>>> print(open('structure-v7.pdb').read())   # PDB, C-alpha atoms
ATOM      1  CA  MET Q  72      -0.655 118.376  14.001  1.00  0.00           C
ATOM      2  CA  SER Q  73      -3.914 117.865  12.089  1.00  0.00           C
ATOM      3  CA  MET Q  74      -5.056 116.647   8.686  1.00  0.00           C
ATOM      4  CA  SER Q  75      -5.382 119.068   5.788  1.00  0.00           C
ATOM      5  CA  LYS Q  76      -8.802 120.179   4.618  1.00  0.00           C
ATOM      6  CA  GLU Q  77      -8.473 118.021   1.491  1.00  0.00           C
ATOM      7  CA  ILE Q  78      -7.714 114.869   3.476  1.00  0.00           C
ATOM      8  CA  THR Q  79     -10.453 115.657   5.986  1.00  0.00           C
ATOM      9  CA  LYS Q  80     -12.925 116.079   3.131  1.00  0.00           C
ATOM     10  CA  SER Q  81     -11.772 112.788   1.571  1.00  0.00           C
ATOM     11  CA  MET Q  82     -12.233 110.996   4.899  1.00  0.00           C
ATOM     12  CA  GLU Q  83     -15.727 112.441   5.299  1.00  0.00           C
ATOM     13  CA  ASP Q  84     -16.652 111.333   1.777  1.00  0.00           C
ATOM     14  CA  PHE Q  85     -15.264 107.857   2.500  1.00  0.00           C
ATOM     15  CA  ARG Q  86     -17.270 107.578   5.724  1.00  0.00           C
ATOM     16  CA  ALA Q  87     -20.419 108.684   3.916  1.00  0.00           C
ATOM     17  CA  LYS Q  88     -19.889 106.105   1.182  1.00  0.00           C
ATOM     18  CA  VAL Q  89     -19.217 103.371   3.737  1.00  0.00           C
ATOM     19  CA  ALA Q  90     -22.398 104.292   5.626  1.00  0.00           C
ATOM     20  CA  GLU Q  91     -24.485 104.319   2.442  1.00  0.00           C
ATOM     21  CA  THR Q  92     -23.167 100.902   1.384  1.00  0.00           C
ATOM     22  CA  ALA Q  93     -23.625  99.385   4.842  1.00  0.00           C
ATOM     23  CA  GLU Q  94     -27.164 100.696   5.299  1.00  0.00           C
ATOM     24  CA  GLY Q  95     -28.057  99.329   1.869  1.00  0.00           C
ATOM     25  CA  ILE Q  96     -26.868  95.926   3.074  1.00  0.00           C
ATOM     26  CA  VAL Q  97     -28.665  96.221   6.416  1.00  0.00           C
ATOM     27  CA  PHE Q  98     -32.003  97.330   4.950  1.00  0.00           C
ATOM     28  CA  ARG Q  99     -32.059  95.463   1.630  1.00  0.00           C
ATOM     29  CA  VAL Q 100     -29.555  92.604   1.368  1.00  0.00           C
ATOM     30  CA  PHE Q 101     -29.907  91.119   4.866  1.00  0.00           C
ATOM     31  CA  PRO Q 102     -33.746  91.173   4.925  1.00  0.00           C
ATOM     32  CA  ASN Q 103     -33.988  89.710   1.412  1.00  0.00           C
ATOM     33  CA  LYS Q 104     -31.539  86.936   2.241  1.00  0.00           C
ATOM     34  CA  SER Q 105     -33.519  86.167   5.386  1.00  0.00           C
ATOM     35  CA  THR Q 106     -36.540  85.066   3.363  1.00  0.00           C
ATOM     36  CA  ASN Q 107     -35.253  83.272   0.262  1.00  0.00           C
ATOM     37  CA  ALA Q 108     -33.799  79.977   1.588  1.00  0.00           C
ATOM     38  CA  ASP Q 109     -36.929  78.042   0.662  1.00  0.00           C
ATOM     39  CA  ASP Q 110     -36.526  79.020  -3.006  1.00  0.00           C
ATOM     40  CA  SER Q 111     -33.674  76.556  -3.572  1.00  0.00           C
ATOM     41  CA  PRO Q 112     -33.993  74.533  -6.817  1.00  0.00           C
ATOM     42  CA  TYR Q 113     -32.336  71.600  -5.072  1.00  0.00           C
ATOM     43  CA  GLN Q 114     -34.793  69.235  -3.413  1.00  0.00           C
ATOM     44  CA  ILE Q 115     -34.123  66.216  -1.193  1.00  0.00           C
ATOM     45  CA  SER Q 116     -36.070  64.041  -3.649  1.00  0.00           C
ATOM     46  CA  GLN Q 117     -33.225  64.539  -6.154  1.00  0.00           C
ATOM     47  CA  ALA Q 118     -30.623  62.960  -3.882  1.00  0.00           C
ATOM     48  CA  ALA Q 119     -31.347  59.269  -4.435  1.00  0.00           C
ATOM     49  CA  ALA Q 120     -30.959  59.457  -8.215  1.00  0.00           C
ATOM     50  CA  SER Q 121     -27.990  61.858  -8.243  1.00  0.00           C
ATOM     51  CA  THR Q 122     -25.212  59.313  -7.587  1.00  0.00           C
ATOM     52  CA  ASP Q 123     -23.431  57.653 -10.505  1.00  0.00           C
ATOM     53  CA  ALA Q 124     -21.516  54.711  -9.005  1.00  0.00           C
ATOM     54  CA  THR Q 125     -20.429  53.401 -12.417  1.00  0.00           C
ATOM     55  CA  ILE Q 126     -16.724  52.643 -12.775  1.00  0.00           C
ATOM     56  CA  TYR Q 127     -15.662  54.051 -16.133  1.00  0.00           C
ATOM     57  CA  PRO Q 128     -12.588  52.929 -18.070  1.00  0.00           C
ATOM     58  CA  PRO Q 129      -9.666  55.338 -18.141  1.00  0.00           C
ATOM     59  CA  PRO Q 130      -9.542  57.827 -21.010  1.00  0.00           C
ATOM     60  CA  SER Q 131      -7.360  56.669 -23.865  1.00  0.00           C
ATOM     61  CA  SER Q 132      -4.128  58.666 -23.899  1.00  0.00           C
ATOM     62  CA  ALA Q 133      -3.484  57.507 -27.474  1.00  0.00           C
ATOM     63  CA  GLU Q 134      -6.796  58.949 -28.651  1.00  0.00           C
ATOM     64  CA  LYS Q 135      -6.296  62.268 -26.868  1.00  0.00           C
ATOM     65  CA  ASN Q 136      -2.558  62.857 -27.196  1.00  0.00           C
ATOM     66  CA  GLY Q 137      -1.317  60.460 -29.870  1.00  0.00           C
ATOM     67  CA  PRO Q 138       1.226  57.697 -29.127  1.00  0.00           C
ATOM     68  CA  SER Q 139       2.159  57.485 -25.461  1.00  0.00           C
ATOM     69  CA  SER Q 140       5.463  58.959 -24.385  1.00  0.00           C
ATOM     70  CA  ASN Q 141       7.299  59.313 -21.103  1.00  0.00           C
ATOM     71  CA  LYS Q 142       8.435  62.779 -22.082  1.00  0.00           C
ATOM     72  CA  ARG Q 143       6.445  65.613 -20.625  1.00  0.00           C
ATOM     73  CA  LYS Q 144       4.763  67.820 -23.197  1.00  0.00           C
ATOM     74  CA  ARG Q 145       6.077  71.347 -23.700  1.00  0.00           C
ATOM     75  CA  ASN Q 146       4.449  74.652 -24.553  1.00  0.00           C
ATOM     76  CA  GLU Q 147       5.595  76.698 -27.540  1.00  0.00           C
ATOM     77  CA  ASP Q 148       7.942  78.705 -25.301  1.00  0.00           C
ATOM     78  CA  GLY Q 149       9.605  75.530 -24.053  1.00  0.00           C
ATOM     79  CA  SER Q 150       7.987  75.522 -20.602  1.00  0.00           C
ATOM     80  CA  ALA Q 151       6.441  72.327 -19.246  1.00  0.00           C
ATOM     81  CA  ALA Q 152       2.748  71.992 -20.061  1.00  0.00           C
ATOM     82  CA  PRO Q 153       0.499  71.474 -17.020  1.00  0.00           C
ATOM     83  CA  ALA Q 154      -0.894  67.987 -16.404  1.00  0.00           C
ATOM     84  CA  HIS Q 155      -4.544  67.502 -17.281  1.00  0.00           C
ATOM     85  CA  LEU Q 156      -7.136  67.088 -14.538  1.00  0.00           C
ATOM     86  CA  ASN Q 157      -7.534  63.416 -13.597  1.00  0.00           C
ATOM     87  CA  GLU Q 158      -4.427  62.412 -15.575  1.00  0.00           C
ATOM     88  CA  THR Q 159      -4.260  58.605 -15.338  1.00  0.00           C
ATOM     89  CA  VAL Q 160      -0.974  57.774 -17.074  1.00  0.00           C
ATOM     90  CA  ASN Q 161       0.832  56.907 -13.854  1.00  0.00           C
ATOM     91  CA  ALA Q 162      -2.205  55.880 -11.781  1.00  0.00           C
ATOM     92  CA  ARG Q 163      -2.171  52.438 -10.167  1.00  0.00           C
ATOM     93  CA  TYR Q 164      -5.950  52.179 -10.604  1.00  0.00           C
ATOM     94  CA  PRO Q 165      -6.721  54.424 -13.599  1.00  0.00           C
ATOM     95  CA  GLU Q 166     -10.476  53.791 -13.746  1.00  0.00           C
ATOM     96  CA  LEU Q 167     -12.826  56.714 -13.121  1.00  0.00           C
ATOM     97  CA  VAL Q 168     -15.824  57.404 -10.888  1.00  0.00           C
ATOM     98  CA  HIS Q 169     -17.468  60.688 -11.784  1.00  0.00           C
ATOM     99  CA  THR Q 170     -18.313  63.297  -9.194  1.00  0.00           C
ATOM    100  CA  ASN Q 171     -21.919  63.988  -8.226  1.00  0.00           C
ATOM    101  CA  LYS Q 172     -22.818  66.845 -10.567  1.00  0.00           C
ATOM    102  CA  ILE Q 173     -25.870  68.013  -8.598  1.00  0.00           C
ATOM    103  CA  ILE Q 174     -23.954  68.189  -5.302  1.00  0.00           C
ATOM    104  CA  LEU Q 175     -21.138  69.982  -7.133  1.00  0.00           C
ATOM    105  CA  LYS Q 176     -23.582  72.676  -8.305  1.00  0.00           C
ATOM    106  CA  LEU Q 177     -25.103  72.835  -4.837  1.00  0.00           C
ATOM    107  CA  HIS Q 178     -21.671  73.387  -3.292  1.00  0.00           C
ATOM    108  CA  GLU Q 179     -20.984  76.172  -5.791  1.00  0.00           C
ATOM    109  CA  THR Q 180     -24.213  77.862  -4.665  1.00  0.00           C
ATOM    110  CA  VAL Q 181     -23.235  77.520  -0.999  1.00  0.00           C
ATOM    111  CA  LYS Q 182     -19.716  78.863  -1.640  1.00  0.00           C
ATOM    112  CA  SER Q 183     -21.139  81.866  -3.464  1.00  0.00           C
ATOM    113  CA  GLU Q 184     -23.541  82.555  -0.576  1.00  0.00           C
ATOM    114  CA  CYS Q 185     -20.702  82.253   1.945  1.00  0.00           C
ATOM    115  CA  ALA Q 186     -18.560  84.700  -0.017  1.00  0.00           C
ATOM    116  CA  GLN Q 187     -21.416  87.221  -0.174  1.00  0.00           C
ATOM    117  CA  LEU Q 188     -22.169  86.835   3.544  1.00  0.00           C
ATOM    118  CA  SER Q 189     -18.527  87.369   4.503  1.00  0.00           C
ATOM    119  CA  ASP Q 190     -18.182  90.388   2.194  1.00  0.00           C
ATOM    120  CA  SER Q 191     -21.397  91.967   3.505  1.00  0.00           C
ATOM    121  CA  CYS Q 192     -20.300  91.465   7.114  1.00  0.00           C
ATOM    122  CA  ASP Q 193     -16.969  93.138   6.342  1.00  0.00           C
ATOM    123  CA  LYS Q 194     -18.708  96.223   4.961  1.00  0.00           C
ATOM    124  CA  VAL Q 195     -21.105  96.511   7.899  1.00  0.00           C
ATOM    125  CA  LYS Q 196     -18.256  95.954  10.385  1.00  0.00           C
ATOM    126  CA  LEU Q 197     -16.318  98.814   8.804  1.00  0.00           C
ATOM    127  CA  TRP Q 198     -19.331 101.109   9.122  1.00  0.00           C
ATOM    128  CA  VAL Q 199     -19.906 100.180  12.776  1.00  0.00           C
ATOM    129  CA  ASN Q 200     -16.222 100.663  13.562  1.00  0.00           C
ATOM    130  CA  LEU Q 201     -16.154 104.101  11.945  1.00  0.00           C
ATOM    131  CA  THR Q 202     -19.174 105.272  13.957  1.00  0.00           C
ATOM    132  CA  MET Q 203     -18.105 103.743  17.270  1.00  0.00           C
ATOM    133  CA  PRO Q 204     -16.467 105.754  20.038  1.00  0.00           C
ATOM    134  CA  ASN Q 205     -14.542 103.913  22.731  1.00  0.00           C
ATOM    135  CA  GLY Q 206     -16.474 101.895  25.275  1.00  0.00           C
ATOM    136  CA  VAL Q 207     -19.804 101.501  23.502  1.00  0.00           C
ATOM    137  CA  GLN Q 208     -21.226  98.131  24.466  1.00  0.00           C
ATOM    138  CA  ILE Q 209     -23.897  97.887  21.776  1.00  0.00           C
ATOM    139  CA  GLN Q 210     -21.478  98.434  18.904  1.00  0.00           C
ATOM    140  CA  GLU Q 211     -19.030  95.941  20.413  1.00  0.00           C
ATOM    141  CA  GLU Q 212     -21.757  93.292  20.644  1.00  0.00           C
ATOM    142  CA  VAL Q 213     -22.876  93.974  17.076  1.00  0.00           C
ATOM    143  CA  LEU Q 214     -19.290  93.583  15.882  1.00  0.00           C
ATOM    144  CA  SER Q 215     -19.006  90.297  17.784  1.00  0.00           C
ATOM    145  CA  GLU Q 216     -22.157  89.000  16.088  1.00  0.00           C
ATOM    146  CA  LEU Q 217     -20.856  90.051  12.668  1.00  0.00           C
ATOM    147  CA  LEU Q 218     -17.582  88.261  13.377  1.00  0.00           C
ATOM    148  CA  ARG Q 219     -19.421  85.100  14.435  1.00  0.00           C
ATOM    149  CA  SER Q 220     -21.422  85.269  11.213  1.00  0.00           C
ATOM    150  CA  GLN Q 221     -18.240  85.456   9.169  1.00  0.00           C
ATOM    151  CA  GLU Q 222     -16.774  82.492  11.021  1.00  0.00           C
ATOM    152  CA  SER Q 223     -19.957  80.548  10.265  1.00  0.00           C
ATOM    153  CA  ALA Q 224     -19.515  81.375   6.576  1.00  0.00           C
ATOM    154  CA  TYR Q 225     -15.897  80.161   6.640  1.00  0.00           C
ATOM    155  CA  ASN Q 226     -16.874  76.899   8.351  1.00  0.00           C
ATOM    156  CA  ILE Q 227     -19.750  76.245   5.945  1.00  0.00           C
ATOM    157  CA  ARG Q 228     -17.479  77.097   2.999  1.00  0.00           C
ATOM    158  CA  ASP Q 229     -15.093  74.317   4.052  1.00  0.00           C
ATOM    159  CA  ALA Q 230     -17.789  71.635   3.728  1.00  0.00           C
ATOM    160  CA  ALA Q 231     -17.097  71.216  -0.002  1.00  0.00           C
ATOM    161  CA  ARG Q 232     -13.465  70.304   0.628  1.00  0.00           C
ATOM    162  CA  GLN Q 233     -14.418  67.814   3.314  1.00  0.00           C
ATOM    163  CA  HIS Q 234     -17.044  66.270   1.020  1.00  0.00           C
ATOM    164  CA  HIS Q 235     -14.639  65.722  -1.867  1.00  0.00           C
ATOM    165  CA  LEU Q 236     -11.966  64.172   0.360  1.00  0.00           C
ATOM    166  CA  ALA Q 237     -14.443  61.789   2.018  1.00  0.00           C
ATOM    167  CA  ARG Q 238     -16.040  60.883  -1.315  1.00  0.00           C
ATOM    168  CA  ALA Q 239     -12.645  60.267  -2.921  1.00  0.00           C
ATOM    169  CA  LYS Q 240     -11.838  57.650  -0.273  1.00  0.00           C
ATOM    170  CA  ILE Q 241     -15.085  55.777  -0.977  1.00  0.00           C
ATOM    171  CA  CYS Q 242     -14.557  56.006  -4.748  1.00  0.00           C
ATOM    172  CA  SER Q 243     -11.000  54.696  -4.473  1.00  0.00           C
ATOM    173  CA  LYS Q 244     -12.320  51.667  -2.581  1.00  0.00           C
ATOM    174  CA  LEU Q 245     -15.071  51.217  -5.159  1.00  0.00           C
ATOM    175  CA  ILE Q 246     -12.528  51.192  -7.985  1.00  0.00           C
ATOM    176  CA  LYS Q 247     -10.248  48.786  -6.125  1.00  0.00           C
ATOM    177  CA  TYR Q 248     -13.062  46.462  -5.033  1.00  0.00           C
ATOM    178  CA  PRO Q 249     -15.817  46.878  -7.652  1.00  0.00           C
ATOM    179  CA  TYR Q 250     -17.677  43.730  -6.591  1.00  0.00           C
ATOM    180  CA  VAL Q 251     -18.182  44.812  -2.993  1.00  0.00           C
ATOM    181  CA  GLU Q 252     -21.720  46.138  -3.128  1.00  0.00           C
ATOM    182  CA  ASP Q 253     -21.421  47.982   0.177  1.00  0.00           C
ATOM    183  CA  TYR Q 254     -18.982  50.482  -1.355  1.00  0.00           C
ATOM    184  CA  THR Q 255     -21.597  51.327  -3.999  1.00  0.00           C
ATOM    185  CA  LEU Q 256     -24.272  51.687  -1.354  1.00  0.00           C
ATOM    186  CA  GLY Q 257     -21.876  53.635   0.868  1.00  0.00           C
ATOM    187  CA  LEU Q 258     -21.265  56.113  -1.958  1.00  0.00           C
ATOM    188  CA  LYS Q 259     -24.988  56.614  -2.475  1.00  0.00           C
ATOM    189  CA  GLU Q 260     -25.573  57.073   1.261  1.00  0.00           C
ATOM    190  CA  HIS Q 261     -22.705  59.553   1.450  1.00  0.00           C
ATOM    191  CA  ASP Q 262     -24.159  61.599  -1.399  1.00  0.00           C
ATOM    192  CA  GLU Q 263     -27.647  61.590   0.117  1.00  0.00           C
ATOM    193  CA  LYS Q 264     -26.271  62.749   3.464  1.00  0.00           C
ATOM    194  CA  GLN Q 265     -24.153  65.414   1.786  1.00  0.00           C
ATOM    195  CA  PHE Q 266     -27.130  66.598  -0.249  1.00  0.00           C
ATOM    196  CA  PHE Q 267     -29.150  66.985   2.949  1.00  0.00           C
ATOM    197  CA  PHE Q 268     -26.331  68.735   4.846  1.00  0.00           C
ATOM    198  CA  THR Q 269     -25.571  71.107   2.000  1.00  0.00           C
ATOM    199  CA  ARG Q 270     -29.201  72.161   1.645  1.00  0.00           C
ATOM    200  CA  GLN Q 271     -29.248  72.634   5.419  1.00  0.00           C
ATOM    201  CA  ASN Q 272     -26.204  74.882   5.091  1.00  0.00           C
ATOM    202  CA  LEU Q 273     -28.292  77.193   2.914  1.00  0.00           C
ATOM    203  CA  VAL Q 274     -30.907  77.299   5.677  1.00  0.00           C
ATOM    204  CA  ASP Q 275     -28.152  78.013   8.237  1.00  0.00           C
ATOM    205  CA  ILE Q 276     -26.940  80.929   6.131  1.00  0.00           C
ATOM    206  CA  ARG Q 277     -30.525  82.210   5.950  1.00  0.00           C
ATOM    207  CA  ASN Q 278     -30.749  82.003   9.736  1.00  0.00           C
ATOM    208  CA  VAL Q 279     -27.517  83.975  10.112  1.00  0.00           C
ATOM    209  CA  TYR Q 280     -29.007  86.721   7.943  1.00  0.00           C
ATOM    210  CA  ALA Q 281     -32.214  86.665  10.013  1.00  0.00           C
ATOM    211  CA  VAL Q 282     -30.304  87.104  13.297  1.00  0.00           C
ATOM    212  CA  LEU Q 283     -28.181  89.916  11.865  1.00  0.00           C
ATOM    213  CA  THR Q 284     -31.267  91.657  10.492  1.00  0.00           C
ATOM    214  CA  ASP Q 285     -33.018  91.457  13.857  1.00  0.00           C
ATOM    215  CA  ILE Q 286     -30.052  92.745  15.878  1.00  0.00           C
ATOM    216  CA  LEU Q 287     -29.141  95.556  13.502  1.00  0.00           C
ATOM    217  CA  HIS Q 288     -32.694  96.815  12.986  1.00  0.00           C
ATOM    218  CA  LYS Q 289     -33.458  96.852  16.711  1.00  0.00           C
ATOM    219  CA  ASN Q 290     -30.306  98.847  17.454  1.00  0.00           C
ATOM    220  CA  ILE Q 291     -29.948 100.920  14.293  1.00  0.00           C
ATOM    221  CA  ALA Q 292     -30.508 104.264  16.042  1.00  0.00           C
ATOM    222  CA  LYS Q 293     -27.738 103.570  18.548  1.00  0.00           C
ATOM    223  CA  ILE Q 294     -25.409 102.387  15.786  1.00  0.00           C
ATOM    224  CA  ARG Q 295     -26.022 105.510  13.715  1.00  0.00           C
ATOM    225  CA  ALA Q 296     -25.623 107.903  16.660  1.00  0.00           C
ATOM    226  CA  PRO Q 297     -23.663 106.097  19.392  1.00  0.00           C
ATOM    227  CA  LYS Q 298     -23.065 107.503  22.853  1.00  0.00           C
ATOM    228  CA  GLY Q 299     -20.001 106.608  24.854  1.00  0.00           C
ATOM    229  CA  ASN Q 300     -20.208 104.258  27.846  1.00  0.00           C
ATOM    230  CA  ASN Q 301     -23.695 103.006  26.998  1.00  0.00           C
ATOM    231  CA  GLY Q 302     -24.157 100.002  29.231  1.00  0.00           C
ATOM    232  CA  VAL Q 303     -27.697  99.036  28.270  1.00  0.00           C
ATOM    233  CA  GLY Q 304     -26.631  96.401  25.760  1.00  0.00           C
ATOM    234  CA  LEU Q 305     -28.472  94.956  22.808  1.00  0.00           C
ATOM    235  CA  TYR Q 306     -32.228  94.678  22.579  1.00  0.00           C
TER     236      TYR Q 306
END
>>> encode(input="structure-v7.pdb", output="structure tokens")
Amino acid sequence: MSMSKEITKSMEDFRAKVAETAEGIVFRVFPNKSTNADDSPYQISQAAASTDATIYPPPSSAEKNGPSSNKRKRNEDGSAAPAHLNETVNARYPELVHTNKIILKLHETVKSECAQLSDSCDKVKLWVNLTMPNGVQIQEEVLSELLRSQESAYNIRDAARQHHLARAKICSKLIKYPYVEDYTLGLKEHDEKQFFFTRQNLVDIRNVYAVLTDILHKNIAKIRAPKGNNGVGLY
């Protein structure tokens, strides 16, 4: 049993589109990303002044929502309205310490880069898989490198979550013990370290692109036209 001519034609068109997309990534996206890490608008000199360790009073519920009430607000359809971010009505220590806005923007940049790296690797992996016969060592090694690059993106992407959890612990101590100067200094040191690490993550992503560019360009002929049981390995 074999596929119909229509399905075969559709598969050929799909393969051609996958190859065109992947080669665009390999020859344009990867090389460009390999050279732009030094263009970051975030500089280490910004770190020291980026931390706001001020303990702010809680927002006034009466000003925002009228007289306080224990009843949960409802939407027009009768469903329960969602709680506002940083709702302090039932907080034991309702005071606020604001997040570091510069690091927040920096994390958003890193997360966007990680998402693009992972998506690009997926598209190139699909292309390599569709061109690979069984037992081709070069393609298998390229796929392994693409997978490692994706795992690097996932690990770097998780840094934002770890930062917010660690910072929240310091801020909670700062609110509880506002006269302990070391908590203020600890918050500033944490932010400076995080600023440095997050900028370094952008360099790490650049390095991943550089390695992928080097491997794929050196072996592009064998990826485009693979031969079975090629034991030479990567250049």
>>> closest_residue(input="structure-v7.pdb", among="Q:Val168, Q:Leu287, Q:Ile78, Q:Ile174", to="Pro128 of chain Q", atoms="only C-alpha atoms")
Q:Val168
>>> closest_residue(input="structure-v7.pdb", among="Q:Lys182, Q:Arg238, Q:Lys176, Q:Lys196", to="Val97 of chain Q", atoms="all atoms listed in the file")
Q:Lys196
>>> residues_around(input="structure-v7.pdb", residues="segment 249-263 of chain Q", least_positions_apart="4", cutoff="7 Å", atoms="all atoms listed in the file", output="list in words")
Ala118, Ala119, Thr122, Ala124, Ile241, Lys244, Leu245 and Phe267 of chain Q
>>> resolve_selection(input="structure-v7.pdb", expression="the PyMOL selection byres ((chain Q and resi 213) around 12)", output="number ranges by chain")
Q: 192, 195-200, 203, 207-212, 214-220, 282-291, 293-294, 304-306
>>> residues_around(input="structure-v7.pdb", residues="Ser105 of chain Q", least_positions_apart="4", cutoff="6 Å", atoms="all atoms listed in the file", output="ChimeraX atom specification")
/Q:277,280-281
>>> write_last_selection(input="structure-v7.pdb", atoms="C-alpha atoms", output="short mmCIF file (atom, residue, chain, number, x, y, z; two decimals), keeping the file's coordinate frame")
data_model
loop_
_atom_site.label_atom_id
_atom_site.label_comp_id
_atom_site.auth_asym_id
_atom_site.auth_seq_id
_atom_site.Cartn_x
_atom_site.Cartn_y
_atom_site.Cartn_z
CA ARG Q 277 -30.52 82.21 5.95
CA TYR Q 280 -29.01 86.72 7.94
CA ALA Q 281 -32.21 86.66 10.01
#
>>> atom_distance(input="structure-v7.pdb", atom1="atom CA of Leu177 of chain Q", atom2="atom CA of Thr269 of chain Q")
7.1 Å
>>> atom_distance(input="structure-v7.pdb", atom1="atom CA of Val274 of chain Q", atom2="atom CA of Phe98 of chain Q")
20.1 Å
>>> atom_distance(input="structure-v7.pdb", atom1="atom CA of Cys185 of chain Q", atom2="atom CA of Ala224 of chain Q")
4.9 Å
>>> closest_residue(input="structure-v7.pdb", among="Q:Ser121, Q:Ser116, Q:Gln271, Q:Thr106", to="Ala230 of chain Q", atoms="only C-alpha atoms")
Q:Gln271
>>> axis_aligned_box(input="structure-v7.pdb", around="segment 217-224 of chain Q", padding_each_side="3 Å", output="AutoDock Vina command-line options")
--center_x -19.1 --center_y 85.3 --center_z 10.5 --size_x 10.6 --size_y 15.5 --size_z 13.9
>>> resolve_selection(input="structure-v7.pdb", expression="the PyMOL selection byres ((chain Q and resi 82-88) around 12)", output="PDB file with C-alpha atoms, in the frame of the given file")
ATOM      1  CA  MET Q  74      -5.056 116.647   8.686  1.00  0.00           C
ATOM      2  CA  SER Q  75      -5.382 119.068   5.788  1.00  0.00           C
ATOM      3  CA  LYS Q  76      -8.802 120.179   4.618  1.00  0.00           C
ATOM      4  CA  GLU Q  77      -8.473 118.021   1.491  1.00  0.00           C
ATOM      5  CA  ILE Q  78      -7.714 114.869   3.476  1.00  0.00           C
ATOM      6  CA  THR Q  79     -10.453 115.657   5.986  1.00  0.00           C
ATOM      7  CA  LYS Q  80     -12.925 116.079   3.131  1.00  0.00           C
ATOM      8  CA  SER Q  81     -11.772 112.788   1.571  1.00  0.00           C
ATOM      9  CA  VAL Q  89     -19.217 103.371   3.737  1.00  0.00           C
ATOM     10  CA  ALA Q  90     -22.398 104.292   5.626  1.00  0.00           C
ATOM     11  CA  GLU Q  91     -24.485 104.319   2.442  1.00  0.00           C
ATOM     12  CA  THR Q  92     -23.167 100.902   1.384  1.00  0.00           C
ATOM     13  CA  ALA Q  93     -23.625  99.385   4.842  1.00  0.00           C
ATOM     14  CA  GLU Q  94     -27.164 100.696   5.299  1.00  0.00           C
ATOM     15  CA  GLY Q  95     -28.057  99.329   1.869  1.00  0.00           C
ATOM     16  CA  LYS Q 194     -18.708  96.223   4.961  1.00  0.00           C
ATOM     17  CA  VAL Q 195     -21.105  96.511   7.899  1.00  0.00           C
ATOM     18  CA  LEU Q 197     -16.318  98.814   8.804  1.00  0.00           C
ATOM     19  CA  TRP Q 198     -19.331 101.109   9.122  1.00  0.00           C
ATOM     20  CA  VAL Q 199     -19.906 100.180  12.776  1.00  0.00           C
ATOM     21  CA  ASN Q 200     -16.222 100.663  13.562  1.00  0.00           C
ATOM     22  CA  LEU Q 201     -16.154 104.101  11.945  1.00  0.00           C
ATOM     23  CA  THR Q 202     -19.174 105.272  13.957  1.00  0.00           C
ATOM     24  CA  ARG Q 295     -26.022 105.510  13.715  1.00  0.00           C
TER      25      ARG Q 295
END
>>> resolve_selection(input="structure-v7.pdb", expression="the PyMOL selection byres ((chain Q and resi 178) around 12)", output="ChimeraX atom specification")
/Q:113,171-177,179-185,227-235,265-273
